[in-house]
$ cat work.cif   # mmCIF, C-alpha atoms
data_data
#
loop_
_atom_site.label_atom_id
_atom_site.label_comp_id
_atom_site.auth_asym_id
_atom_site.auth_seq_id
_atom_site.Cartn_x
_atom_site.Cartn_y
_atom_site.Cartn_z
CA MET A 1 -90.74 -8.37 -1.66
CA ILE A 2 -88.39 -10.45 -3.80
CA LEU A 3 -86.02 -8.50 -6.04
CA PRO A 4 -85.31 -9.66 -9.60
CA LYS A 5 -81.97 -11.51 -9.86
CA LYS A 6 -80.19 -8.81 -11.88
CA TYR A 7 -80.81 -6.19 -9.17
CA ARG A 8 -79.78 -8.43 -6.29
CA ALA A 9 -76.07 -7.87 -6.80
CA ILE A 10 -76.48 -4.11 -7.09
CA THR A 11 -78.66 -4.00 -4.04
CA ALA A 12 -76.21 -6.16 -2.06
CA ALA A 13 -73.37 -3.88 -3.13
CA ILE A 14 -75.24 -0.74 -2.11
CA VAL A 15 -76.27 -2.28 1.21
CA LEU A 16 -72.71 -3.48 1.97
CA LEU A 17 -71.23 -0.10 1.08
CA LEU A 18 -73.78 1.73 3.21
CA VAL A 19 -73.19 -0.62 6.14
CA SER A 20 -69.41 -0.25 5.93
CA LEU A 21 -69.77 3.53 5.58
CA SER A 22 -71.98 3.54 8.68
CA ILE A 23 -69.39 1.48 10.58
CA LEU A 24 -66.73 3.94 9.44
CA ALA A 25 -68.77 6.95 10.53
CA TYR A 26 -69.60 5.29 13.83
CA SER A 27 -66.00 4.36 14.61
CA ALA A 28 -64.80 7.81 13.55
CA ALA A 29 -67.04 9.24 16.27
CA ARG A 30 -65.70 6.74 18.85
CA LEU A 31 -62.02 6.29 18.05
CA SER A 32 -61.05 4.99 21.45
CA GLU A 33 -63.31 1.97 21.41
CA THR A 34 -61.97 -1.39 20.25
CA GLY A 35 -64.59 -3.97 19.39
CA PRO A 36 -64.28 -7.64 20.39
CA LEU A 37 -63.61 -8.73 16.80
CA ARG A 38 -60.78 -6.26 16.40
CA LYS A 39 -59.38 -7.36 19.74
CA MET A 40 -59.47 -10.96 18.56
CA VAL A 41 -57.69 -10.17 15.31
CA LEU A 42 -55.07 -8.16 17.16
CA GLU A 43 -54.58 -11.04 19.62
CA ILE A 44 -54.01 -13.46 16.75
CA ALA A 45 -51.89 -11.12 14.67
CA ALA A 46 -49.64 -9.80 17.43
CA PRO A 47 -47.63 -13.01 18.10
CA VAL A 48 -47.32 -13.68 14.34
CA GLU A 49 -46.08 -10.14 13.75
CA ASP A 50 -43.79 -10.49 16.73
CA ALA A 51 -42.32 -13.76 15.40
CA ILE A 52 -41.78 -12.27 11.94
CA ASN A 53 -40.23 -9.12 13.35
CA LEU A 54 -37.98 -11.12 15.65
CA SER A 55 -36.81 -13.23 12.72
CA LEU A 56 -36.24 -10.09 10.67
CA LYS A 57 -34.36 -8.51 13.54
CA GLY A 58 -32.24 -11.65 13.80
CA LEU A 59 -31.50 -11.48 10.10
CA HIS A 60 -30.82 -7.76 10.32
CA ASP A 61 -28.47 -8.29 13.27
CA ALA A 62 -26.72 -11.15 11.48
CA TRP A 63 -26.29 -8.96 8.40
CA ASN A 64 -24.99 -6.10 10.51
CA ARG A 65 -22.59 -8.48 12.23
CA TYR A 66 -21.46 -9.73 8.83
CA LEU A 67 -20.92 -6.15 7.63
CA PHE A 68 -19.10 -5.41 10.89
CA LEU A 69 -16.86 -8.44 10.38
CA VAL A 70 -16.26 -7.51 6.74
CA GLY A 71 -15.30 -4.03 7.96
CA LYS A 72 -13.02 -5.58 10.58
CA GLY A 73 -11.46 -7.79 7.92
CA ASP A 74 -10.73 -4.74 5.76
CA GLU A 75 -9.37 -2.90 8.76
CA SER A 76 -7.25 -5.90 9.70
CA ARG A 77 -5.84 -6.14 6.17
CA ARG A 78 -5.11 -2.39 6.19
CA LEU A 79 -3.42 -2.64 9.59
CA ARG A 80 -1.38 -5.64 8.45
CA ARG A 81 -0.21 -3.65 5.42
CA GLU A 82 0.64 -0.69 7.64
CA ASN A 83 2.42 -2.99 10.07
CA ALA A 84 4.49 -4.50 7.28
CA ALA A 85 5.40 -1.03 5.99
CA LEU A 86 6.31 0.14 9.49
CA ASN A 87 8.36 -3.01 10.10
CA GLU A 88 10.21 -2.35 6.87
CA LEU A 89 10.82 1.23 7.96
CA LEU A 90 11.94 0.09 11.40
CA ASN A 91 14.29 -2.43 9.84
CA SER A 92 15.80 0.23 7.61
CA TYR A 93 16.28 2.50 10.66
CA ARG A 94 17.78 -0.41 12.61
CA GLU A 95 20.09 -1.19 9.71
CA GLY A 96 21.05 2.46 9.50
CA PHE A 97 21.77 2.53 13.22
CA LEU A 98 23.90 -0.61 13.09
CA GLU A 99 25.71 0.68 10.03
CA GLY A 100 26.38 3.91 11.89
CA MET A 101 27.80 1.94 14.82
CA ARG A 102 30.05 -0.05 12.53
CA LEU A 103 31.21 3.06 10.69
CA ARG A 104 31.94 4.75 14.00
CA LYS A 105 34.23 1.84 14.89
CA LEU A 106 35.93 2.18 11.51
CA LEU A 107 36.37 5.89 12.15
CA ASP A 108 38.02 5.07 15.44
CA ILE A 109 40.51 2.89 13.57
CA LYS A 110 41.01 5.65 11.04
CA ASP A 111 41.83 8.08 13.83
CA ARG A 112 44.31 5.61 15.31
CA LEU A 113 46.02 4.98 11.99
CA HIS A 114 46.76 8.66 11.31
CA HIS A 115 46.29 8.00 7.61
CA ARG A 116 43.81 9.15 5.07
CA ALA A 117 41.36 6.28 4.81
CA VAL A 118 38.57 5.26 2.50
CA ALA A 119 35.55 3.43 3.81
CA ALA A 120 34.05 0.86 1.45
CA ARG A 121 31.12 -1.49 1.42
CA VAL A 122 31.57 -5.19 0.85
CA ILE A 123 29.50 -6.00 -2.22
CA ASP A 124 30.48 -9.62 -2.68
CA SER A 125 32.24 -12.26 -0.66
CA ASP A 126 33.77 -15.31 -2.30
CA ARG A 127 34.73 -17.50 0.65
CA THR A 128 33.73 -20.87 -0.73
CA SER A 129 35.93 -20.98 -3.82
CA LEU A 130 39.62 -21.71 -3.96
CA PHE A 131 40.54 -18.05 -3.59
CA LYS A 132 39.18 -16.28 -0.56
CA THR A 133 38.41 -12.81 -1.85
CA LEU A 134 36.04 -9.92 -1.24
CA LEU A 135 34.69 -7.32 -3.63
CA ILE A 136 34.39 -3.77 -2.33
CA ASN A 137 32.66 -0.79 -3.92
CA LYS A 138 35.59 1.60 -4.09
CA GLY A 139 38.34 1.70 -6.68
CA THR A 140 41.04 3.85 -8.20
CA THR A 141 38.73 6.85 -8.42
CA GLU A 142 38.79 6.99 -4.63
CA GLY A 143 42.58 6.52 -4.55
CA LEU A 144 42.73 2.78 -3.97
CA ARG A 145 45.47 0.73 -5.52
CA VAL A 146 46.82 -2.81 -5.49
CA GLY A 147 48.61 -3.79 -2.29
CA LEU A 148 46.79 -1.48 0.09
CA PRO A 149 45.76 -3.05 3.39
CA VAL A 150 42.09 -3.54 4.21
CA VAL A 151 40.91 -3.48 7.81
CA ALA A 152 37.67 -3.77 9.68
CA ASP A 153 36.71 -2.77 13.20
CA GLN A 154 37.65 -6.29 14.40
CA GLY A 155 41.05 -6.38 12.74
CA VAL A 156 42.87 -6.96 9.46
CA VAL A 157 40.80 -8.22 6.55
CA GLY A 158 43.45 -8.60 3.87
CA ARG A 159 44.92 -6.57 1.03
CA ILE A 160 43.76 -5.29 -2.34
CA ILE A 161 44.87 -7.45 -5.26
CA GLU A 162 42.81 -5.93 -8.09
CA THR A 163 41.26 -2.53 -8.68
CA SER A 164 39.00 -0.97 -11.23
CA TRP A 165 37.63 2.59 -11.20
CA HIS A 166 34.84 1.87 -8.75
CA ALA A 167 35.52 -1.58 -7.32
CA SER A 168 38.38 -3.55 -5.86
CA ARG A 169 39.08 -7.17 -5.05
CA VAL A 170 40.54 -7.93 -1.65
CA LEU A 171 42.57 -11.02 -0.83
CA MET A 172 41.46 -12.19 2.60
CA LEU A 173 44.16 -12.98 5.13
CA ILE A 174 42.84 -16.57 5.36
CA ASP A 175 43.64 -17.19 1.67
CA GLU A 176 46.60 -19.54 1.13
CA ASN A 177 48.32 -16.83 -0.96
CA SER A 178 48.20 -14.31 1.85
CA ASN A 179 51.39 -13.70 3.83
CA ILE A 180 51.56 -10.97 6.44
CA ASP A 181 54.43 -10.05 8.75
CA ALA A 182 53.16 -10.68 12.25
CA LEU A 183 54.23 -10.77 15.86
CA ILE A 184 52.87 -12.30 19.03
CA GLN A 185 51.83 -9.48 21.31
CA ARG A 186 52.88 -11.14 24.59
CA THR A 187 56.30 -12.54 23.52
CA ARG A 188 57.04 -10.14 20.64
CA ALA A 189 58.16 -13.16 18.60
CA GLN A 190 57.94 -12.38 14.89
CA GLY A 191 56.84 -14.61 12.06
CA ILE A 192 54.77 -14.78 8.91
CA LEU A 193 51.01 -15.25 9.13
CA GLN A 194 49.95 -17.39 6.20
CA GLY A 195 46.36 -18.11 5.25
CA ALA A 196 45.13 -21.66 5.61
CA GLY A 197 41.72 -21.45 3.98
CA SER A 198 38.69 -22.26 6.01
CA ALA A 199 40.95 -23.52 8.82
CA GLY A 200 42.09 -19.94 9.50
CA CYS A 201 45.83 -19.05 9.41
CA ASN A 202 49.18 -20.45 10.41
CA LEU A 203 51.87 -18.45 12.05
CA LYS A 204 55.16 -19.58 10.61
CA TYR A 205 58.81 -19.22 11.42
CA ILE A 206 58.39 -18.93 15.19
CA PRO A 207 61.29 -20.78 16.86
CA ARG A 208 60.53 -23.82 18.99
CA GLU A 209 61.99 -22.13 22.02
CA GLU A 210 59.28 -19.47 22.06
CA ASN A 211 56.65 -19.81 24.73
CA VAL A 212 53.51 -19.51 22.65
CA GLN A 213 50.18 -20.21 24.31
CA THR A 214 46.67 -20.60 23.14
CA GLY A 215 44.92 -17.24 23.35
CA ASP A 216 47.98 -15.18 22.51
CA VAL A 217 47.13 -12.19 20.36
CA VAL A 218 48.78 -11.90 16.95
CA LEU A 219 49.36 -8.40 15.53
CA SER A 220 50.79 -6.98 12.34
CA SER A 221 54.46 -6.18 12.77
CA GLY A 222 54.54 -3.43 10.14
CA LEU A 223 57.84 -4.70 8.77
CA ALA A 224 56.99 -5.09 5.11
CA GLY A 225 55.35 -1.71 5.05
CA VAL A 226 52.05 -3.00 3.77
CA PHE A 227 50.16 -3.14 7.06
CA PRO A 228 50.61 -0.53 9.73
CA LYS A 229 52.11 -1.88 12.89
CA GLY A 230 49.87 -3.13 15.70
CA LEU A 231 46.74 -4.11 13.80
CA LEU A 232 44.94 -7.14 15.20
CA LEU A 233 45.33 -10.22 13.02
CA GLY A 234 44.01 -13.03 15.17
CA VAL A 235 44.33 -15.20 18.22
CA VAL A 236 46.42 -18.35 18.70
CA THR A 237 44.18 -21.39 18.87
CA GLY A 238 46.77 -24.11 19.11
CA THR A 239 50.53 -24.85 18.89
CA SER A 240 52.53 -27.95 18.13
CA GLY A 241 56.29 -28.42 17.86
CA GLN A 242 57.10 -30.31 14.69
CA GLU A 243 59.34 -33.28 15.46
CA GLY A 244 62.90 -32.53 14.38
CA GLY A 245 61.92 -29.08 13.08
CA LEU A 246 63.21 -25.67 14.01
CA PHE A 247 59.86 -23.92 14.21
CA LEU A 248 56.53 -24.23 15.94
CA LYS A 249 53.32 -24.92 14.04
CA ILE A 250 50.89 -22.29 15.34
CA ASP A 251 47.23 -22.19 14.40
CA VAL A 252 45.68 -18.74 14.43
CA ALA A 253 42.01 -17.85 14.18
CA SER A 254 41.36 -14.66 12.25
CA ALA A 255 40.05 -11.76 14.33
CA VAL A 256 37.61 -10.88 11.58
CA ASP A 257 34.39 -12.82 11.11
CA PHE A 258 34.31 -12.72 7.31
CA SER A 259 30.79 -14.06 7.17
CA LYS A 260 29.49 -10.88 8.85
CA LEU A 261 31.74 -8.35 7.19
CA GLU A 262 29.85 -5.42 5.64
CA GLU A 263 32.09 -2.37 5.73
CA VAL A 264 35.84 -2.07 5.57
CA LEU A 265 38.38 0.68 5.80
CA ILE A 266 41.35 1.12 3.52
CA PRO A 267 44.12 3.28 5.01
CA ILE A 268 46.06 5.07 2.30
CA PRO A 269 49.59 5.94 3.33
CA ASP A 270 51.01 9.16 1.94
CA ALA A 271 53.66 7.25 0.06
CA GLY A 272 51.83 4.14 -0.96
CA PRO A 273 53.46 0.77 -1.05
CA LYS A 274 54.52 -0.63 -4.33
CA PRO A 275 52.30 -3.42 -5.54
CA MET B 1 -65.96 -25.38 1.90
CA ILE B 2 -62.39 -25.81 3.14
CA ARG B 3 -61.44 -22.97 0.82
CA TYR B 4 -63.80 -20.61 2.63
CA LEU B 5 -62.54 -21.79 6.03
CA LEU B 6 -58.93 -21.27 4.98
CA LEU B 7 -59.65 -17.87 3.50
CA PRO B 8 -59.69 -15.72 6.70
CA PRO B 9 -56.38 -17.00 8.13
CA LEU B 10 -54.74 -16.80 4.69
CA LEU B 11 -55.92 -13.23 4.17
CA LEU B 12 -54.84 -12.31 7.70
CA LEU B 13 -51.41 -13.77 6.97
CA LEU B 14 -51.27 -11.77 3.75
CA VAL B 15 -52.01 -8.54 5.62
CA ILE B 16 -49.48 -9.37 8.34
CA ALA B 17 -46.83 -10.23 5.74
CA GLN B 18 -47.68 -7.03 3.92
CA ILE B 19 -47.14 -4.81 6.95
CA THR B 20 -44.06 -6.63 8.20
CA LEU B 21 -42.16 -8.21 5.32
CA LEU B 22 -43.15 -6.45 2.13
CA ASP B 23 -42.45 -2.96 3.41
CA LEU B 24 -38.84 -4.03 3.76
CA PHE B 25 -38.48 -4.26 -0.01
CA THR B 26 -39.23 -0.58 -0.39
CA LEU B 27 -37.29 0.28 2.80
CA GLY B 28 -40.41 1.90 4.26
CA TRP B 29 -40.40 4.50 1.48
CA VAL B 30 -43.77 3.41 0.13
CA GLY B 31 -46.30 0.85 1.34
CA MET B 32 -46.65 -2.38 -0.69
CA GLU B 33 -50.44 -2.71 -0.47
CA ILE B 34 -50.76 -6.12 -2.08
CA SER B 35 -54.19 -6.51 -0.46
CA LEU B 36 -55.49 -3.77 -2.76
CA VAL B 37 -54.26 -5.70 -5.82
CA VAL B 38 -56.01 -8.82 -4.43
CA VAL B 39 -59.25 -6.80 -4.21
CA ILE B 40 -58.87 -5.59 -7.81
CA TYR B 41 -58.05 -9.13 -8.95
CA SER B 42 -61.17 -10.38 -7.13
CA GLY B 43 -63.22 -7.78 -8.98
CA PHE B 44 -61.75 -8.88 -12.30
CA HIS B 45 -61.82 -12.64 -11.87
CA LEU B 46 -64.15 -13.74 -9.08
CA ASP B 47 -67.87 -13.79 -8.62
CA THR B 48 -69.65 -11.17 -6.58
CA PHE B 49 -70.05 -13.26 -3.45
CA PRO B 50 -66.52 -14.69 -2.96
CA GLY B 51 -64.94 -11.50 -4.23
CA GLY B 52 -67.06 -9.40 -1.87
CA ILE B 53 -66.15 -11.66 1.08
CA ILE B 54 -62.44 -11.42 0.27
CA SER B 55 -62.61 -7.63 -0.03
CA LEU B 56 -64.59 -7.31 3.18
CA LEU B 57 -62.20 -9.58 5.09
CA LEU B 58 -59.11 -7.88 3.73
CA GLY B 59 -60.60 -4.48 4.61
CA PHE B 60 -61.48 -5.74 8.06
CA PHE B 61 -57.97 -7.05 8.72
CA MET B 62 -56.41 -3.89 7.35
CA ASP B 63 -58.68 -1.87 9.63
CA CYS B 64 -57.73 -4.03 12.60
CA LEU B 65 -53.99 -3.92 12.02
CA THR B 66 -53.25 -0.62 10.36
CA SER B 67 -56.12 1.83 10.32
CA THR B 68 -56.99 4.38 12.98
CA MET B 69 -60.53 4.57 11.68
CA PHE B 70 -62.30 1.23 11.87
CA GLY B 71 -64.28 0.57 8.69
CA LEU B 72 -62.13 2.75 6.45
CA TYR B 73 -60.54 -0.07 4.50
CA MET B 74 -63.69 -2.21 4.58
CA PHE B 75 -65.54 0.60 2.85
CA LEU B 76 -62.72 1.43 0.44
CA TYR B 77 -62.00 -2.18 -0.51
CA LEU B 78 -65.68 -2.87 -1.13
CA LEU B 79 -65.88 0.26 -3.25
CA ILE B 80 -62.81 -0.72 -5.25
CA PHE B 81 -64.05 -4.29 -5.59
CA TYR B 82 -67.36 -3.17 -7.10
CA LEU B 83 -65.52 -0.67 -9.27
CA SER B 84 -63.28 -3.48 -10.55
CA LEU B 85 -66.26 -5.74 -11.04
CA PHE B 86 -67.91 -3.05 -13.13
CA ALA B 87 -64.69 -2.29 -15.04
CA ALA B 88 -64.09 -5.96 -15.81
CA ARG B 89 -67.30 -5.97 -17.87
CA MET B 90 -66.20 -2.90 -19.81
CA ILE B 91 -62.53 -3.57 -20.57
CA TYR B 92 -60.40 -6.52 -21.63
CA SER B 93 -59.07 -7.41 -18.22
CA GLU B 94 -56.17 -9.67 -19.33
CA LYS B 95 -54.09 -6.96 -20.93
CA PRO B 96 -51.12 -6.16 -18.63
CA SER B 97 -51.04 -2.47 -19.50
CA LEU B 98 -54.74 -2.08 -18.67
CA ILE B 99 -54.29 -3.99 -15.42
CA ALA B 100 -51.36 -1.72 -14.50
CA LEU B 101 -53.29 1.42 -15.43
CA PHE B 102 -56.43 0.37 -13.60
CA THR B 103 -54.47 -0.62 -10.47
CA GLY B 104 -52.66 2.70 -10.51
CA ILE B 105 -55.93 4.61 -10.84
CA CYS B 106 -57.57 2.57 -8.04
CA THR B 107 -54.58 3.22 -5.75
CA LEU B 108 -54.83 6.92 -6.45
CA LEU B 109 -58.60 6.84 -5.89
CA GLU B 110 -58.04 5.04 -2.59
CA GLY B 111 -55.58 7.74 -1.56
CA LEU B 112 -57.94 10.52 -2.54
CA ALA B 113 -60.79 8.84 -0.67
CA ILE B 114 -58.65 8.46 2.46
CA VAL B 115 -57.68 12.15 2.32
CA LEU B 116 -61.32 13.12 1.79
CA LEU B 117 -62.69 10.86 4.55
CA TYR B 118 -60.04 12.07 6.98
CA ARG B 119 -61.12 15.62 6.33
CA LEU B 120 -64.85 14.83 6.51
CA LEU B 121 -64.83 12.49 9.50
CA LEU B 122 -61.84 13.57 11.56
CA GLY B 123 -61.23 17.09 10.26
CA GLY B 124 -57.56 16.23 9.55
CA ASP B 125 -55.58 17.51 6.59
CA ILE B 126 -53.37 14.87 5.03
CA LEU B 127 -53.23 16.32 1.54
CA TYR B 128 -49.42 16.10 1.58
CA ALA B 129 -49.78 12.31 1.48
CA ILE B 130 -50.97 12.37 -2.17
CA PRO B 131 -47.64 13.33 -3.77
CA LYS B 132 -45.50 11.79 -1.07
CA ILE B 133 -47.25 8.47 -0.52
CA PHE B 134 -50.12 7.70 -2.86
CA ILE B 135 -48.58 8.67 -6.21
CA PRO B 136 -45.40 6.58 -5.65
CA LYS B 137 -47.58 3.78 -4.30
CA ALA B 138 -49.83 3.96 -7.38
CA ILE B 139 -46.80 3.76 -9.67
CA LEU B 140 -45.28 0.86 -7.75
CA LEU B 141 -48.47 -1.17 -7.50
CA GLY B 142 -49.37 -0.36 -11.10
CA LEU B 143 -46.02 -1.74 -12.25
CA LEU B 144 -46.25 -4.81 -10.06
CA SER B 145 -49.90 -5.62 -10.68
CA PRO B 146 -49.55 -7.61 -13.97
CA PHE B 147 -47.01 -9.88 -12.31
CA LEU B 148 -49.14 -10.16 -9.16
CA PHE B 149 -52.24 -10.93 -11.25
CA HIS B 150 -50.30 -13.75 -12.86
CA LEU B 151 -49.29 -15.09 -9.43
CA PHE B 152 -52.85 -14.89 -8.08
CA HIS B 153 -54.12 -16.67 -11.16
CA ARG B 154 -51.61 -19.51 -10.62
CA PHE B 155 -52.70 -19.74 -6.99
CA GLU B 156 -56.36 -19.83 -7.99
CA VAL B 157 -55.70 -22.59 -10.53
CA LEU B 158 -53.85 -24.55 -7.86
CA LEU B 159 -56.76 -24.25 -5.44
CA HIS B 160 -59.29 -25.34 -8.08
CA ALA B 161 -57.12 -28.27 -9.10
CA LYS B 162 -57.01 -29.52 -5.51
CA GLU B 163 -60.74 -29.17 -5.21
CA LEU B 164 -61.36 -31.09 -8.42
CA GLN B 165 -59.16 -34.03 -7.60
CA PRO B 166 -61.65 -36.00 -5.43
CA ALA B 167 -64.40 -35.57 -8.06
CA GLN B 168 -62.14 -36.85 -10.83
CA ARG B 169 -61.41 -39.97 -8.83
CA VAL B 170 -65.17 -40.67 -8.56
#

$ encode --input "work.cif" --output "C-alpha cells"
Amino acid sequence: MILPKKYRAITAAIVLLLVSLSILAYSAARLSETGPLRKMVLEIAAPVEDAINLSLKGLHDAWNRYLFLVGKGDESRRLRRENAALNELLNSYREGFLEGMRLRKLLDIKDRLHHRAVAARVIDSDRTSLFKTLLINKGTTEGLRVGLPVVADQGVVGRIIETSWHASRVLMLIDENSNIDALIQRTRAQGILQGAGSAGCNLKYIPREENVQTGDVVLSSGLAGVFPKGLLLGVVTGTSGQEGGLFLKIDVASAVDFSKLEEVLIPIPDAGPKP
Amino acid sequence: MIRYLLLPPLLLLLVIAQITLLDLFTLGWVGMEISLVVVIYSGFHLDTFPGGIISLLLGFFMDCLTSTMFGLYMFLYLLIFYLSLFAARMIYSEKPSLIALFTGICTLLEGLAIVLLYRLLLGGDILYAIPKIFIPKAILLGLLSPFLFHLFHRFEVLLHAKELQPAQRV
C-alpha cells in the first residue's frame, strides 16, 4: 500500500516517535545494558571530553596560580609597607637609645661640674663659613646668656656669643676668634688655645723650653673664669719651635667632633661671667 | 553528501562541547542545552528528513553521553522537532520574541516530559527539578535562542555557499 505524499511525513513522524518511545521503554526496563552503538559513541567521546577537561583544568590551574601570585603580590606589598613602618619605628627607637646614651654622658659631665646645667640640642651647624658657629635650641628663657661655656661629652665646644629667648649661637673653639685659657695636662704649661679654622687650634704662648709632645692632652685652665677648670679641649698633634722666637707653635686637634655634635650642655655658674 | 557525512561528528562535538565547555559559562548552575535549540531551529528552518536526522542524532548522542535512560532524548528531541515543524507553519518564525517564547516553552515541555517519564518508567520523583533546573534553563535558553538562531542561520548559509561553489564554476 502506497500512502499519499501528504501523509508520508506524518506517518514517518508517528513511526519514529513510536520507535524511539519503544527504545526508551525497553532501555528503562534494562538500565544496566549498554548497546554497541552507545559503547562506540562513548569510546569516541571519552578522549575528546578528556582532552577538553584537561585543557580546562590547565586553564583553571593557571588562573588559580595567577590569582595566587596576585595574592602573593598584594601580601608582599603589604609586608614591604609593614617592614618600612617597622624599620622607621626601629630607627626612632635606636635614635632614642643613642640620644639617651649621649644625654647620660652629658649628665655625667653635669655631675662633675657641680653647676646647674642646661642641655640643648644643636639645631644648626655653620662650619663651612668664615665664622664657625652652632645654633642651639635654648636661650635666655632657660637662663642662658652670652659668654657661657658650652661643652659636650667629648670636651669643650665653645662659648655662647648670641642669645635670644629660645635659641643661642655658640662660637666653636676652632673659630679664629675663639681664645681659651688652656694648660697641657702632663707639663702643666699654660697658654692660650686659639682657633685655627678647619685646621683645628693652636696653643700659643708656651715657652720653647717646655717639653711638649704629640699626644699631650690640653685642658681648660679655668683662669679667665669662663670655662671651669679641667675640661678637655684637645690633643697636641704637632709642635715646632719658631726660629728666633720665644714660644712654641703647637697644633691641637679639638676633642669634639663638630660634624657629629647633636646635644650640648651649658653649665651655668651661680655668679655668671660677664659677657 | 559530505554534509551528511560531516553531520554526526559535528553534532557529537556539539554535544561534547555542551557538556564540557558551555556549562562553565553558567558555573554549573543551569545546563546550556544548545542541542535543544538546534532541534527547534531544525524544525523551523529545515525539511523533515534532514531535520529529523539531526534531531535523532542529537538525541542519540545526548542519550549516550548524559542520559541514564537510553532513548529519552531521542524521543524528546523528535517530539520537539515535530512540534517546531508544526509551529513553524502556524507562526512567523523569524520574530525574535516568538523564537524566545517558543524555545522557553519547549524547554519547559522537555522538563515536564522528563519528570513524567521518570515517574512512569522508573517510578522516580524529580518534581523538584522543575523550579530548580527547568525554569531557569527555559529562561536562559529562551533569551539566548534568537542569537543562537542567527548563528545557526549564518552557519547554514556558509555550508550552502560551499556546496554551491563547484556548480557555479561549471

$ closest_atom_pairs --input "work.cif" --of "chain B" --to "chain A" --cutoff "8 Å" --atoms "all atoms listed in the file" --output "JSON lines"
{"residue": "B:Leu12", "atom": "CA", "partner": "A:Ala45", "partner_atom": "CA", "distance": 7.7}
{"residue": "B:Ile16", "atom": "CA", "partner": "A:Glu49", "partner_atom": "CA", "distance": 6.4}
{"residue": "B:Thr20", "atom": "CA", "partner": "A:Glu49", "partner_atom": "CA", "distance": 6.9}
{"residue": "B:Leu21", "atom": "CA", "partner": "A:Ile52", "partner_atom": "CA", "distance": 7.8}
{"residue": "B:Thr48", "atom": "CA", "partner": "A:Ala9", "partner_atom": "CA", "distance": 7.2}
{"residue": "B:Phe61", "atom": "CA", "partner": "A:Val41", "partner_atom": "CA", "distance": 7.3}
{"residue": "B:Cys64", "atom": "CA", "partner": "A:Arg38", "partner_atom": "CA", "distance": 5.4}
{"residue": "B:Leu65", "atom": "CA", "partner": "A:Leu42", "partner_atom": "CA", "distance": 6.8}
{"residue": "B:Thr68", "atom": "CA", "partner": "A:Leu31", "partner_atom": "CA", "distance": 7.4}
{"residue": "B:Met69", "atom": "CA", "partner": "A:Ala28", "partner_atom": "CA", "distance": 5.7}
{"residue": "B:Phe70", "atom": "CA", "partner": "A:Ser27", "partner_atom": "CA", "distance": 5.6}
{"residue": "B:Gly71", "atom": "CA", "partner": "A:Leu24", "partner_atom": "CA", "distance": 4.2}
{"residue": "B:Leu72", "atom": "CA", "partner": "A:Leu24", "partner_atom": "CA", "distance": 5.6}
{"residue": "B:Met74", "atom": "CA", "partner": "A:Ser20", "partner_atom": "CA", "distance": 6.2}
{"residue": "B:Phe75", "atom": "CA", "partner": "A:Ser20", "partner_atom": "CA", "distance": 5.0}
{"residue": "B:Leu78", "atom": "CA", "partner": "A:Leu17", "partner_atom": "CA", "distance": 6.6}
{"residue": "B:Leu79", "atom": "CA", "partner": "A:Leu17", "partner_atom": "CA", "distance": 6.9}
{"residue": "B:Tyr82", "atom": "CA", "partner": "A:Ala13", "partner_atom": "CA", "distance": 7.2}
{"residue": "B:Leu121", "atom": "CA", "partner": "A:Ala28", "partner_atom": "CA", "distance": 6.2}
{"residue": "B:Leu122", "atom": "CA", "partner": "A:Ala28", "partner_atom": "CA", "distance": 6.8}

$ atom_distance --input "work.cif" --atom1 "atom CA of Thr163 of chain A" --atom2 "atom CA of Ala119 of chain A"
15.0 Å

$ residues_around --input "work.cif" --residues "segment 108-120 of chain B" --least-positions-apart "6" --cutoff "9 Å" --atoms "all atoms listed in the file" --output "ChimeraX atom specification"
/B:69,72-73,76-77,80,126-127,129-130,133-135,137-138

$ atom_distance --input "work.cif" --atom1 "atom CA of Gly195 of chain A" --atom2 "atom CA of Ile180 of chain A"
8.9 Å

$ resolve_selection --input "work.cif" --expression "the PyMOL selection byres ((chain B and resi 93-101) around 8)" --output "count of residues only"
14

$ residues_around --input "work.cif" --residues "Thr133 of chain A" --least-positions-apart "5" --cutoff "12 Å" --atoms "all atoms listed in the file" --output "PyMOL selection string"
chain A and resi 122-128+150+157-162+168-178+195+197+258-259

$ resolve_selection --input "work.cif" --expression "the PyMOL selection byres ((chain A and resi 110) around 12)" --output "PyMOL selection string"
chain A and resi 103-109+111-119+150-153+228+231+264-269

$ atom_distance --input "work.cif" --atom1 "atom CA of Tyr128 of chain B" --atom2 "atom CA of Val39 of chain B"
25.6 Å

$ residues_around --input "work.cif" --residues "Thr237 of chain A" --least-positions-apart "4" --cutoff "9 Å" --atoms "only C-alpha atoms" --output "count of residues only"
8

$ residues_around --input "work.cif" --residues "Val38 of chain B" --least-positions-apart "6" --cutoff "9 Å" --atoms "all atoms listed in the file" --output "list in words"
Ile54, Ser55, Leu58, Leu148, Phe149 and Phe152 of chain B

$ write_last_selection --input "work.cif" --atoms "C-alpha atoms" --output "PDB file, in the frame of the given file"
ATOM      1  CA  ILE B  54     -62.440 -11.420   0.270  1.00  0.00           C
ATOM      2  CA  SER B  55     -62.610  -7.630  -0.030  1.00  0.00           C
ATOM      3  CA  LEU B  58     -59.110  -7.880   3.730  1.00  0.00           C
ATOM      4  CA  LEU B 148     -49.140 -10.160  -9.160  1.00  0.00           C
ATOM      5  CA  PHE B 149     -52.240 -10.930 -11.250  1.00  0.00           C
ATOM      6  CA  PHE B 152     -52.850 -14.890  -8.080  1.00  0.00           C
TER       7      PHE B 152
END

$ axis_aligned_box --input "work.cif" --around "segment 153-172 of chain A" --padding-each-side "5 Å" --output "AutoDock Vina command-line options"
--center_x 39.9 --center_y -4.8 --center_z 1.6 --size_x 20.1 --size_y 24.8 --size_z 35.6
